[in-house]
$ cat entry.cif   # mmCIF, C-alpha atoms
data_work
#
loop_
_atom_site.label_atom_id
_atom_site.label_comp_id
_atom_site.auth_asym_id
_atom_site.auth_seq_id
_atom_site.Cartn_x
_atom_site.Cartn_y
_atom_site.Cartn_z
CA MET A 1 98.62 -118.06 150.81
CA LYS A 2 95.85 -117.07 148.40
CA LYS A 3 98.09 -117.69 145.39
CA LYS A 4 98.97 -121.15 146.71
CA VAL A 5 95.30 -122.01 147.13
CA LEU A 6 94.50 -120.78 143.62
CA ALA A 7 97.41 -122.76 142.19
CA ALA A 8 96.23 -125.92 143.91
CA LEU A 9 92.68 -125.46 142.66
CA LEU A 10 93.88 -124.83 139.12
CA ALA A 11 96.19 -127.84 139.19
CA GLY A 12 93.29 -130.06 140.19
CA ALA A 13 91.08 -128.84 137.39
CA MET A 14 93.87 -129.02 134.83
CA THR A 15 94.56 -132.64 135.74
CA VAL A 16 91.05 -133.44 134.56
CA THR A 17 91.45 -131.32 131.46
CA LEU A 18 94.78 -132.76 130.40
CA GLY A 19 93.58 -136.29 131.01
CA ALA A 20 90.44 -135.91 128.93
CA CYS A 21 90.02 -136.55 125.26
CA GLY A 22 89.12 -133.50 123.21
CA GLY A 23 85.35 -133.08 123.02
CA ASN A 24 83.25 -132.53 119.97
CA THR A 25 83.64 -128.89 119.09
CA GLY A 26 80.04 -128.71 118.02
CA SER A 27 80.84 -125.80 115.75
CA GLY A 28 82.58 -127.51 112.92
CA ASN A 29 85.19 -124.73 112.98
CA ASP A 30 88.07 -126.93 114.06
CA THR A 31 89.83 -127.97 110.88
CA SER A 32 92.47 -129.90 112.79
CA LYS A 33 89.88 -132.67 113.28
CA ALA A 34 87.05 -133.32 110.89
CA ASP A 35 83.61 -133.56 112.39
CA ASP A 36 81.61 -136.57 111.31
CA ASN A 37 81.67 -140.33 111.63
CA THR A 38 82.58 -141.06 108.03
CA GLN A 39 85.96 -140.77 106.34
CA GLY A 40 86.19 -139.97 102.65
CA THR A 41 87.21 -142.95 100.53
CA THR A 42 88.62 -141.34 97.38
CA ASP A 43 91.49 -143.45 96.05
CA THR A 44 94.07 -140.90 94.91
CA ALA A 45 95.79 -143.56 92.82
CA ASP A 46 92.77 -143.51 90.47
CA VAL A 47 92.70 -139.72 90.09
CA SER A 48 93.54 -138.40 86.64
CA LYS A 49 96.78 -136.43 86.50
CA ASP A 50 94.83 -133.51 85.05
CA ALA A 51 92.22 -133.49 87.85
CA ILE A 52 92.27 -130.98 90.69
CA ARG A 53 92.36 -132.72 94.07
CA PHE A 54 90.30 -130.77 96.62
CA MET A 55 90.56 -131.75 100.30
CA ASN A 56 87.32 -130.91 102.09
CA THR A 57 87.25 -131.10 105.90
CA LYS A 58 83.51 -130.61 106.40
CA ILE A 59 82.02 -134.01 105.61
CA GLU A 60 78.48 -132.63 105.82
CA ILE A 61 79.00 -130.63 102.60
CA ASP A 62 80.65 -133.50 100.70
CA GLY A 63 77.63 -134.24 98.53
CA ALA A 64 76.97 -130.61 97.61
CA LEU A 65 80.62 -130.00 96.67
CA LYS A 66 80.73 -133.14 94.55
CA GLU A 67 77.57 -132.11 92.73
CA PHE A 68 79.02 -128.68 91.99
CA ALA A 69 82.30 -130.26 90.83
CA LYS A 70 80.31 -132.46 88.45
CA GLN A 71 78.51 -129.43 87.01
CA TYR A 72 81.79 -127.55 86.74
CA GLN A 73 83.40 -130.38 84.76
CA GLU A 74 80.41 -130.53 82.41
CA GLU A 75 80.74 -126.80 81.72
CA THR A 76 84.52 -126.40 81.60
CA GLY A 77 85.99 -129.86 81.04
CA GLN A 78 88.08 -129.50 84.22
CA GLU A 79 87.73 -132.49 86.56
CA VAL A 80 87.74 -131.73 90.31
CA VAL A 81 87.96 -134.66 92.72
CA ILE A 82 86.56 -133.92 96.19
CA GLU A 83 88.30 -135.80 99.01
CA SER A 84 86.28 -135.40 102.23
CA LEU A 85 87.71 -136.36 105.59
CA GLY A 86 85.72 -137.22 108.71
CA GLY A 87 85.61 -139.57 111.65
CA GLY A 88 87.83 -137.49 113.92
CA VAL A 89 90.68 -137.61 111.41
CA ASP A 90 93.60 -135.36 112.34
CA VAL A 91 93.43 -133.23 109.20
CA ASN A 92 96.61 -131.29 109.90
CA GLY A 93 98.41 -134.58 110.45
CA GLN A 94 96.91 -136.04 107.27
CA LEU A 95 98.13 -133.06 105.24
CA LYS A 96 101.60 -133.40 106.72
CA ASN A 97 101.59 -137.07 105.77
CA TYR A 98 100.55 -136.15 102.22
CA TYR A 99 103.31 -133.56 102.08
CA ALA A 100 105.95 -136.02 103.28
CA ALA A 101 104.79 -138.50 100.65
CA GLY A 102 104.80 -135.92 97.86
CA ASN A 103 101.05 -136.38 97.49
CA MET A 104 99.60 -133.00 98.45
CA PRO A 105 96.10 -132.04 97.30
CA ASP A 106 95.91 -128.99 95.06
CA ILE A 107 93.32 -127.23 97.27
CA PHE A 108 92.91 -127.74 101.00
CA ALA A 109 91.16 -126.17 103.98
CA PHE A 110 92.98 -124.56 106.86
CA ALA A 111 92.21 -122.23 109.76
CA ALA A 112 94.04 -119.22 111.11
CA ASP A 113 95.38 -121.17 114.07
CA SER A 114 97.06 -123.76 111.81
CA TYR A 115 98.43 -121.31 109.22
CA LYS A 116 101.49 -120.23 111.18
CA SER A 117 102.15 -123.55 112.91
CA SER A 118 101.63 -125.83 109.92
CA PHE A 119 100.96 -124.37 106.48
CA LYS A 120 102.69 -121.02 106.23
CA ASP A 121 105.22 -122.18 103.63
CA TRP A 122 102.84 -124.29 101.52
CA LEU A 123 100.35 -121.72 100.29
CA GLU A 124 100.09 -119.87 96.99
CA PRO A 125 99.38 -116.11 97.25
CA LEU A 126 95.94 -115.26 95.89
CA ASP A 127 96.33 -111.49 95.56
CA GLY A 128 94.64 -110.11 92.47
CA GLU A 129 91.74 -112.55 92.49
CA SER A 130 88.48 -110.74 91.78
CA TRP A 131 86.56 -112.23 94.74
CA ILE A 132 88.88 -110.51 97.26
CA ASP A 133 87.17 -107.14 96.81
CA ASP A 134 83.80 -108.80 97.38
CA THR A 135 84.53 -109.97 100.93
CA ASP A 136 85.87 -108.68 104.24
CA TYR A 137 87.01 -112.17 105.27
CA ALA A 138 89.87 -113.11 102.93
CA PHE A 139 92.68 -114.67 104.95
CA LYS A 140 95.92 -112.70 104.96
CA GLY A 141 99.28 -113.97 106.12
CA GLU A 142 101.91 -112.17 108.14
CA ASP A 143 103.21 -110.54 104.97
CA GLY A 144 99.81 -108.99 104.19
CA LYS A 145 99.20 -111.21 101.16
CA VAL A 146 95.96 -113.15 100.72
CA TYR A 147 96.37 -116.91 101.10
CA GLY A 148 92.88 -118.18 101.87
CA MET A 149 89.45 -117.90 100.24
CA PRO A 150 86.54 -117.82 102.71
CA PHE A 151 83.57 -120.04 101.93
CA ALA A 152 81.32 -119.66 104.99
CA LEU A 153 80.77 -117.43 108.00
CA GLU A 154 79.89 -118.43 111.56
CA GLY A 155 78.70 -116.21 114.36
CA ILE A 156 79.24 -116.27 118.13
CA GLY A 157 76.94 -114.62 120.65
CA LEU A 158 74.05 -115.63 122.86
CA ALA A 159 71.42 -117.59 120.98
CA TYR A 160 67.97 -116.74 122.30
CA ASN A 161 64.52 -118.29 122.15
CA LYS A 162 62.48 -115.41 120.77
CA ASP A 163 59.17 -116.99 121.78
CA ILE A 164 60.24 -116.93 125.42
CA LEU A 165 61.56 -113.38 125.17
CA ASP A 166 58.34 -112.21 123.54
CA LYS A 167 56.23 -113.74 126.32
CA ALA A 168 58.46 -112.06 128.90
CA GLY A 169 58.30 -108.70 127.13
CA VAL A 170 62.05 -108.62 126.44
CA ASP A 171 63.26 -107.02 123.21
CA PRO A 172 66.37 -108.88 122.00
CA SER A 173 67.50 -105.84 119.97
CA ALA A 174 67.98 -103.95 123.26
CA LEU A 175 70.48 -106.50 124.61
CA THR A 176 73.57 -104.50 123.79
CA ASN A 177 75.18 -104.00 127.24
CA ILE A 178 75.48 -105.87 130.51
CA ASN A 179 72.88 -103.75 132.31
CA ALA A 180 70.26 -104.58 129.69
CA TYR A 181 71.07 -108.26 130.17
CA LYS A 182 70.83 -107.97 133.95
CA GLU A 183 67.37 -106.46 133.66
CA ALA A 184 66.25 -109.05 131.12
CA PHE A 185 67.62 -112.01 133.10
CA GLU A 186 65.98 -110.81 136.30
CA LYS A 187 62.62 -110.37 134.58
CA ILE A 188 62.73 -113.76 132.84
CA ASP A 189 63.87 -115.48 136.04
CA SER A 190 60.88 -114.03 137.93
CA MET A 191 58.56 -115.58 135.32
CA LYS A 192 60.12 -119.05 135.06
CA ASP A 193 56.98 -120.94 136.07
CA GLU A 194 54.80 -118.89 133.75
CA LEU A 195 57.28 -119.37 130.88
CA GLY A 196 57.76 -123.07 131.55
CA ILE A 197 61.55 -122.85 131.81
CA THR A 198 63.99 -124.21 134.37
CA SER A 199 66.71 -121.59 133.93
CA VAL A 200 67.34 -118.35 132.08
CA CYS A 201 70.61 -119.57 130.55
CA ALA A 202 72.11 -122.83 129.34
CA VAL A 203 75.86 -122.68 130.00
CA ALA A 204 78.28 -125.59 130.42
CA ALA A 205 81.72 -124.93 131.92
CA GLU A 206 83.17 -128.33 132.87
CA SER A 207 86.65 -128.01 131.44
CA GLY A 208 87.30 -131.63 130.48
CA GLN A 209 84.63 -131.56 127.80
CA MET A 210 83.70 -127.90 127.37
CA TYR A 211 87.04 -126.06 127.25
CA TRP A 212 86.45 -125.42 123.54
CA SER A 213 83.27 -123.54 124.39
CA THR A 214 84.55 -121.56 127.37
CA GLY A 215 88.22 -121.06 126.50
CA ASN A 216 87.56 -120.36 122.83
CA HIS A 217 84.02 -119.21 122.05
CA MET A 218 83.19 -117.48 125.34
CA MET A 219 86.74 -116.12 125.61
CA ALA A 220 86.18 -114.65 122.15
CA ALA A 221 84.07 -111.90 123.75
CA TYR A 222 86.91 -110.80 126.03
CA ILE A 223 89.27 -110.78 123.05
CA SER A 224 87.11 -109.11 120.40
CA GLN A 225 83.68 -107.87 121.51
CA GLY A 226 83.35 -104.18 120.68
CA LYS A 227 86.73 -104.03 118.94
CA ASP A 228 87.22 -102.89 115.37
CA ARG A 229 88.15 -105.85 113.19
CA THR A 230 91.60 -104.33 112.63
CA ASP A 231 92.23 -103.69 116.35
CA LYS A 232 94.37 -106.59 117.60
CA ASP A 233 95.41 -105.04 120.91
CA ILE A 234 93.83 -107.65 123.20
CA ILE A 235 94.93 -110.73 121.24
CA ASP A 236 98.42 -109.25 120.83
CA LYS A 237 98.62 -108.83 124.62
CA LEU A 238 97.41 -112.39 125.16
CA ASN A 239 100.02 -113.77 122.78
CA LYS A 240 102.65 -111.95 124.84
CA GLY A 241 101.30 -113.55 128.02
CA GLU A 242 99.49 -110.41 129.17
CA ILE A 243 95.88 -109.40 129.83
CA ASP A 244 93.91 -106.18 130.11
CA LYS A 245 92.95 -106.52 133.77
CA ASP A 246 90.13 -103.97 133.67
CA ARG A 247 88.57 -105.61 130.61
CA MET A 248 89.03 -109.07 132.14
CA GLY A 249 87.27 -107.81 135.26
CA GLN A 250 84.30 -106.66 133.19
CA PHE A 251 84.33 -110.02 131.45
CA GLY A 252 84.32 -111.66 134.87
CA ASP A 253 81.17 -109.74 135.80
CA TRP A 254 79.54 -110.99 132.61
CA LEU A 255 80.46 -114.60 133.31
CA GLN A 256 79.14 -114.33 136.86
CA LEU A 257 75.83 -113.06 135.50
CA LEU A 258 75.59 -115.99 133.09
CA PHE A 259 76.57 -118.48 135.78
CA ASP A 260 74.12 -117.11 138.35
CA TYR A 261 71.17 -117.56 135.97
CA SER A 262 72.21 -120.97 134.62
CA ASP A 263 70.99 -124.46 135.42
CA GLN A 264 73.66 -125.37 137.96
CA ASN A 265 73.84 -129.07 137.10
CA VAL A 266 74.43 -128.34 133.42
CA LEU A 267 76.83 -125.52 134.31
CA ILE A 268 79.08 -127.65 136.52
CA SER A 269 78.90 -131.11 134.99
CA GLY A 270 76.91 -130.87 131.77
CA THR A 271 78.08 -131.88 128.32
CA TYR A 272 77.48 -130.01 125.07
CA ASP A 273 74.49 -132.26 124.42
CA ASP A 274 73.07 -131.44 127.87
CA GLN A 275 73.50 -127.74 127.27
CA LEU A 276 71.95 -127.87 123.82
CA ALA A 277 69.03 -130.06 124.93
CA LEU A 278 68.15 -127.64 127.74
CA TRP A 279 67.81 -124.79 125.28
CA ALA A 280 66.48 -126.65 122.26
CA THR A 281 63.61 -128.16 124.27
CA GLY A 282 62.52 -124.69 125.39
CA LYS A 283 63.70 -124.99 128.99
CA ALA A 284 66.15 -122.08 128.84
CA ALA A 285 65.92 -118.69 127.14
CA PHE A 286 69.60 -118.29 126.17
CA ILE A 287 72.53 -120.53 125.25
CA THR A 288 76.22 -119.64 124.90
CA GLN A 289 76.72 -121.05 121.41
CA GLY A 290 76.62 -119.89 117.79
CA ASN A 291 74.83 -120.64 114.55
CA TRP A 292 76.54 -124.04 114.23
CA ILE A 293 73.75 -125.47 116.40
CA ASP A 294 71.21 -124.85 113.61
CA PRO A 295 71.52 -128.36 112.09
CA SER A 296 70.80 -129.95 115.49
CA LEU A 297 67.51 -128.15 116.10
CA PRO A 298 65.32 -130.53 114.04
CA THR A 299 66.55 -133.38 116.25
CA TYR A 300 64.75 -131.74 119.16
CA GLU A 301 61.76 -130.69 117.04
CA ALA A 302 62.63 -127.11 117.97
CA GLU A 303 60.16 -124.93 116.09
CA PHE A 304 60.45 -121.73 118.11
CA ALA A 305 61.73 -118.49 116.61
CA CYS A 306 65.31 -117.76 117.61
CA GLY A 307 68.28 -115.51 116.90
CA LEU A 308 71.73 -114.38 117.99
CA ALA A 309 72.29 -111.49 120.38
CA PRO A 310 75.65 -109.85 121.19
CA ALA A 311 77.86 -111.15 124.01
CA ALA A 312 77.73 -107.54 125.24
CA PHE A 313 79.64 -107.83 128.49
CA MET A 314 80.46 -104.16 129.06
CA GLU A 315 78.38 -101.23 130.31
CA GLU A 316 78.85 -99.38 127.04
CA ASP A 317 76.89 -100.65 124.04
CA THR A 318 78.53 -103.21 121.76
CA ASP A 319 75.75 -104.11 119.37
CA GLY A 320 77.53 -106.57 117.11
CA ILE A 321 78.30 -110.29 117.14
CA ILE A 322 81.58 -112.11 116.62
CA VAL A 323 81.61 -113.28 112.99
CA ASP A 324 84.33 -114.75 110.82
CA ALA A 325 85.33 -117.47 108.41
CA PRO A 326 86.25 -120.40 110.67
CA ALA A 327 88.24 -121.96 107.85
CA VAL A 328 89.35 -121.01 104.35
CA TRP A 329 90.47 -122.76 101.19
CA GLY A 330 94.04 -122.37 100.02
CA ILE A 331 96.07 -123.59 97.04
CA TYR A 332 99.24 -125.66 97.40
CA ASN A 333 102.07 -123.54 96.03
CA GLU A 334 103.80 -126.46 94.29
CA SER A 335 100.68 -127.64 92.50
CA ASP A 336 101.00 -127.82 88.71
CA LYS A 337 97.37 -126.66 88.40
CA ILE A 338 97.47 -123.34 90.25
CA ASP A 339 95.64 -121.36 87.58
CA ALA A 340 92.98 -124.05 87.22
CA CYS A 341 92.53 -124.07 91.01
CA LYS A 342 92.06 -120.31 91.04
CA GLU A 343 89.40 -120.58 88.37
CA PHE A 344 87.53 -123.26 90.31
CA LEU A 345 87.58 -121.24 93.54
CA LYS A 346 86.48 -118.17 91.60
CA ALA A 347 83.51 -120.11 90.25
CA LEU A 348 82.51 -121.17 93.77
CA ALA A 349 82.73 -117.60 95.02
CA GLU A 350 81.24 -115.68 92.10
CA SER A 351 79.06 -117.84 89.88
CA GLU A 352 75.34 -118.26 90.46
CA GLU A 353 75.83 -122.02 90.64
CA GLY A 354 78.72 -121.72 93.10
CA GLN A 355 76.86 -119.40 95.44
CA LYS A 356 73.82 -121.67 95.31
CA ALA A 357 76.00 -124.65 96.17
CA LEU A 358 77.54 -122.92 99.19
CA VAL A 359 74.42 -121.24 100.59
CA GLU A 360 71.43 -123.36 99.61
CA ASP A 361 73.00 -126.79 99.17
CA CYS A 362 75.67 -126.56 101.88
CA GLY A 363 73.49 -124.44 104.18
CA MET A 364 76.17 -121.85 104.91
CA VAL A 365 76.28 -118.05 105.32
CA SER A 366 78.06 -116.52 102.35
CA PRO A 367 81.05 -114.24 103.04
CA TYR A 368 80.49 -112.45 99.71
CA LYS A 369 78.75 -109.08 99.50
CA SER A 370 77.39 -109.75 96.02
CA CYS A 371 75.61 -112.92 97.11
CA THR A 372 71.88 -112.34 97.49
CA LEU A 373 71.02 -115.88 98.56
CA GLU A 374 70.11 -116.42 102.20
CA PRO A 375 70.39 -119.51 104.39
CA SER A 376 67.14 -121.07 105.56
CA THR A 377 68.24 -121.96 109.10
CA PRO A 378 67.18 -119.52 111.84
CA LEU A 379 70.42 -118.61 113.62
CA ALA A 380 72.29 -118.28 110.34
CA LYS A 381 69.54 -115.98 109.04
CA SER A 382 69.79 -113.85 112.19
CA MET A 383 73.44 -113.16 111.41
CA LEU A 384 72.67 -111.43 108.13
CA PRO A 385 71.61 -107.99 109.46
CA TYR A 386 74.78 -107.80 111.57
CA ILE A 387 76.92 -108.62 108.55
CA LYS A 388 75.02 -106.24 106.26
CA ASP A 389 75.34 -103.38 108.78
CA GLY A 390 79.03 -104.05 109.44
CA LYS A 391 78.35 -104.88 113.09
CA THR A 392 80.76 -107.76 113.44
CA TYR A 393 83.92 -108.44 115.43
CA ALA A 394 86.75 -110.75 114.40
CA TRP A 395 87.42 -114.32 115.54
CA ASP A 396 90.78 -113.31 117.00
CA TRP A 397 90.53 -116.19 119.46
CA LEU A 398 91.68 -118.41 116.59
CA THR A 399 95.18 -116.96 116.95
CA GLN A 400 95.54 -117.66 120.66
CA PRO A 401 98.52 -119.84 121.60
CA GLU A 402 97.80 -123.37 120.44
CA GLY A 403 96.19 -125.51 123.15
CA ILE A 404 95.70 -122.70 125.67
CA ALA A 405 91.96 -123.31 126.07
CA GLN A 406 92.34 -127.03 126.69
CA ASN A 407 95.44 -126.84 128.83
CA ALA A 408 95.06 -123.58 130.77
CA THR A 409 92.17 -121.15 130.52
CA GLY A 410 89.33 -123.69 130.29
CA ALA A 411 90.10 -124.82 133.84
CA VAL A 412 89.79 -121.23 135.12
CA PHE A 413 86.26 -120.94 133.74
CA GLU A 414 85.34 -124.15 135.57
CA LEU A 415 86.76 -122.95 138.88
CA TYR A 416 84.90 -119.67 138.54
CA ALA A 417 81.65 -121.43 137.67
CA LYS A 418 82.02 -123.62 140.78
CA GLY A 419 82.51 -120.56 142.98
CA GLN A 420 86.04 -121.60 143.88
CA LEU A 421 87.29 -118.27 142.57
CA ASP A 422 85.81 -114.85 143.20
CA LYS A 423 86.01 -112.12 140.56
CA GLN A 424 89.46 -110.95 141.62
CA GLY A 425 90.62 -114.54 141.82
CA PHE A 426 89.32 -115.13 138.31
CA VAL A 427 91.24 -112.13 136.95
CA ASP A 428 94.42 -112.97 138.84
CA THR A 429 94.31 -116.63 137.85
CA MET A 430 93.66 -115.83 134.22
CA GLU A 431 96.62 -113.47 134.27
CA SER A 432 98.82 -116.10 135.89
CA VAL A 433 97.91 -119.07 133.68
CA ILE A 434 98.13 -117.07 130.46
CA LYS A 435 101.54 -115.71 131.43
CA ASP A 436 102.82 -119.15 132.41
CA TYR A 437 101.39 -120.90 129.36
CA VAL A 438 102.90 -118.44 126.89
CA ALA A 439 106.24 -118.58 128.71
CA SER A 440 106.24 -122.38 128.44
CA ASN A 441 104.69 -122.84 125.01
CA GLY A 442 105.16 -119.58 123.12
CA SER A 443 102.56 -117.64 121.17
CA ASN A 444 100.75 -118.89 118.09
#

$ encode --input "entry.cif" --output "structure tokens"
Amino acid sequence: MKKKVLAALLAGAMTVTLGACGGNTGSGNDTSKADDNTQGTTDTADVSKDAIRFMNTKIEIDGALKEFAKQYQEETGQEVVIESLGGGVDVNGQLKNYYAAGNMPDIFAFAADSYKSSFKDWLEPLDGESWIDDTDYAFKGEDGKVYGMPFALEGIGLAYNKDILDKAGVDPSALTNINAYKEAFEKIDSMKDELGITSVCAVAAESGQMYWSTGNHMMAAYISQGKDRTDKDIIDKLNKGEIDKDRMGQFGDWLQLLFDYSDQNVLISGTYDDQLALWATGKAAFITQGNWIDPSLPTYEAEFACGLAPAAFMEEDTDGIIVDAPAVWGIYNESDKIDACKEFLKALAESEEGQKALVEDCGMVSPYKSCTLEPSTPLAKSMLPYIKDGKTYAWDWLTQPEGIAQNATGAVFELYAKGQLDKQGFVDTMESVIKDYVASNGSN
């Protein structure tokens, strides 16, 4: 009987999820859809045959990349034409259209989740490039060869308002296990009036719009938190349709803690903007997002000190955050300018001008150890000590089965947030929907 009830609840939530349009990811890490309201207008018919065509999927760095390309041409004579896509364009679909038309760009961006499903056979191996030894984030294919050059890092954890934590006497550096969080949440909650906040946490779990946050970014903790970057045990299980039930149970305890101390209206029916506004206006101490919210903070005139703390959901300490390159740049293996493309990417990664373009002009966290430049935005800056100290965990959630967050696991988070599942129901339902989804759709 219990399984029938759970199935009915899940079916109801999934109807909403499947019927909804994909929400704004907020993070800019989804390279399948670009993330701005403007589409690039480069006319490829006017591009010189000797020019490198570079497809950029982050419209917000279009200007900085074009400026660097201009400088590069002045110094080397090599023209690089930046083609930036935006406006919700299906980038993977656009690349496939280019491929079918024999009009592929020489360099293009891709993410781990689209490598196997879309671009596996189109990429030039980059082994031997000098920048590989300068980073821990080069993208490797199934054969162990390097196919993607990282250009930025993003971090996932709990963003905190340090001003609020300071007033409450909570040390964010001590938030490395679930018991420390319990103590901190309880203390902050008891001081809400004094602190001028409405809730300890800003969490949004409505699956129609927030599946990308719950089923991807929050699920990332279950998959990777506390795991060595080379340890793929949990993601390998998930891709076989299996879970670690004990670990999922601990993750369930963590979620319940977050849900209990959240603004319930935002939790159940809030959008990304609602969640962000609650935190950015100083009405919540924590938010379940990453450093991609940095550019939005000026909109809310948010001037408080802030940082990222670990999504430390277990009783044992896990004092790192989940950091990776959300996308990488690869070279089309049938380009007639492969060597020139390698030189251009090398200049972006290694030259003083390239590193300045990526960090200062594009506002990104460099994946290169030799880079001494630092971003100016607060959450990005807070990532640097974790990266420097090697306290990072991989974005293995990127290699989940395609669509599983939107079409399966996101709904489970919503049911749990609504109290329609208890902890055991959460674990059992996660196990069931993951098994069924993989059986029906296969692994990534």

$ closest_residue --input "entry.cif" --among "A:Ala109, A:Lys245, A:Pro150, A:Ile156" --to "Ser213 (chain A)" --atoms "all atoms listed in the file"
A:Ile156

$ atom_distance --input "entry.cif" --atom1 "CA of Asp339 (chain A)" --atom2 "CA of Lys116 (chain A)"
24.3 Å

$ axis_aligned_box --input "entry.cif" --around "region 375-384 of chain A" --padding-each-side "4 Å" --output "JSON"
{"center_x": 70.3, "center_y": -116.7, "center_z": 109.0, "size_x": 14.3, "size_y": 18.5, "size_z": 17.2}

$ atom_distance --input "entry.cif" --atom1 "CA of Asn333 (chain A)" --atom2 "CA of Leu123 (chain A)"
4.9 Å

$ resolve_selection --input "entry.cif" --expression "the PyMOL selection byres ((chain A and resi 159-162) around 9)" --output "VMD selection string"
chain A and resid 156 to 158 163 to 167 170 to 172 279 to 280 282 284 to 291 304 to 310 379

$ residues_around --input "entry.cif" --residues "Thr230 (chain A)" --least-positions-apart "5" --cutoff "12 Å" --atoms "all atoms listed in the file" --output "CSV table (one decimal) with C-alpha atoms, in the frame of the given file"
chain,number,residue,atom,x,y,z
A,136,ASP,CA,85.9,-108.7,104.2
A,137,TYR,CA,87.0,-112.2,105.3
A,224,SER,CA,87.1,-109.1,120.4
A,235,ILE,CA,94.9,-110.7,121.2
A,236,ASP,CA,98.4,-109.2,120.8
A,392,THR,CA,80.8,-107.8,113.4
A,393,TYR,CA,83.9,-108.4,115.4
A,394,ALA,CA,86.8,-110.8,114.4
A,395,TRP,CA,87.4,-114.3,115.5
A,396,ASP,CA,90.8,-113.3,117.0

$ atom_distance --input "entry.cif" --atom1 "CA of Thr299 (chain A)" --atom2 "CA of Met364 (chain A)"
18.8 Å

$ resolve_selection --input "entry.cif" --expression "the PyMOL selection byres ((chain A and resi 296) around 10)" --output "list of chain:residue names"
A:Gly26, A:Asp273, A:Leu276, A:Ala277, A:Ala280, A:Trp292, A:Ile293, A:Asp294, A:Pro295, A:Leu297, A:Pro298, A:Thr299, A:Tyr300, A:Glu301, A:Ala302

$ closest_residue --input "entry.cif" --among "A:Gly196, A:Gly363, A:Gly442, A:Pro375" --to "Glu60 (chain A)" --atoms "only C-alpha atoms"
A:Gly363

$ residues_around --input "entry.cif" --residues "Thr271 (chain A)" --least-positions-apart "6" --cutoff "9 Å" --atoms "only C-alpha atoms" --output "list in words"
Ala204, Ala205, Glu206, Gln209 and Met210 of chain A

$ decode --input "entry.cif" --residues "region 294-329 of chain A" --atoms "C-alpha atoms" --output "PDB file, in the first residue's frame"
ATOM      1  CA  ASP A 294      27.687  36.806  -7.735  1.00  0.00           C
ATOM      2  CA  PRO A 295      26.664  38.887 -10.796  1.00  0.00           C
ATOM      3  CA  SER A 296      23.117  39.239  -9.430  1.00  0.00           C
ATOM      4  CA  LEU A 297      24.102  40.700  -6.067  1.00  0.00           C
ATOM      5  CA  PRO A 298      24.469  44.327  -7.250  1.00  0.00           C
ATOM      6  CA  THR A 299      20.856  44.167  -8.446  1.00  0.00           C
ATOM      7  CA  TYR A 300      19.799  43.826  -4.814  1.00  0.00           C
ATOM      8  CA  GLU A 301      22.422  46.294  -3.567  1.00  0.00           C
ATOM      9  CA  ALA A 302      23.820  43.432  -1.493  1.00  0.00           C
ATOM     10  CA  GLU A 303      26.893  44.815   0.230  1.00  0.00           C
ATOM     11  CA  PHE A 304      27.275  42.273   3.028  1.00  0.00           C
ATOM     12  CA  ALA A 305      30.305  40.016   3.318  1.00  0.00           C
ATOM     13  CA  CYS A 306      29.596  36.490   2.135  1.00  0.00           C
ATOM     14  CA  GLY A 307      31.222  33.179   1.264  1.00  0.00           C
ATOM     15  CA  LEU A 308      30.698  29.514   0.439  1.00  0.00           C
ATOM     16  CA  ALA A 309      30.572  26.798   3.091  1.00  0.00           C
ATOM     17  CA  PRO A 310      30.587  23.027   2.457  1.00  0.00           C
ATOM     18  CA  ALA A 311      27.359  21.092   1.908  1.00  0.00           C
ATOM     19  CA  ALA A 312      28.645  18.908   4.756  1.00  0.00           C
ATOM     20  CA  PHE A 313      25.729  16.541   5.213  1.00  0.00           C
ATOM     21  CA  MET A 314      27.474  13.780   7.167  1.00  0.00           C
ATOM     22  CA  GLU A 315      28.534  13.483  10.809  1.00  0.00           C
ATOM     23  CA  GLU A 316      32.178  13.156   9.816  1.00  0.00           C
ATOM     24  CA  ASP A 317      33.929  16.306   8.623  1.00  0.00           C
ATOM     25  CA  THR A 318      33.954  17.068   4.901  1.00  0.00           C
ATOM     26  CA  ASP A 319      35.548  20.477   4.750  1.00  0.00           C
ATOM     27  CA  GLY A 320      35.595  21.078   1.003  1.00  0.00           C
ATOM     28  CA  ILE A 321      33.188  22.418  -1.599  1.00  0.00           C
ATOM     29  CA  ILE A 322      32.114  20.950  -4.923  1.00  0.00           C
ATOM     30  CA  VAL A 323      34.212  22.669  -7.608  1.00  0.00           C
ATOM     31  CA  ASP A 324      34.700  21.964 -11.280  1.00  0.00           C
ATOM     32  CA  ALA A 325      34.786  23.362 -14.778  1.00  0.00           C
ATOM     33  CA  PRO A 326      31.116  23.483 -15.815  1.00  0.00           C
ATOM     34  CA  ALA A 327      32.137  23.604 -19.462  1.00  0.00           C
ATOM     35  CA  VAL A 328      35.331  23.311 -21.485  1.00  0.00           C
ATOM     36  CA  TRP A 329      36.583  24.339 -24.905  1.00  0.00           C
TER      37      TRP A 329
END
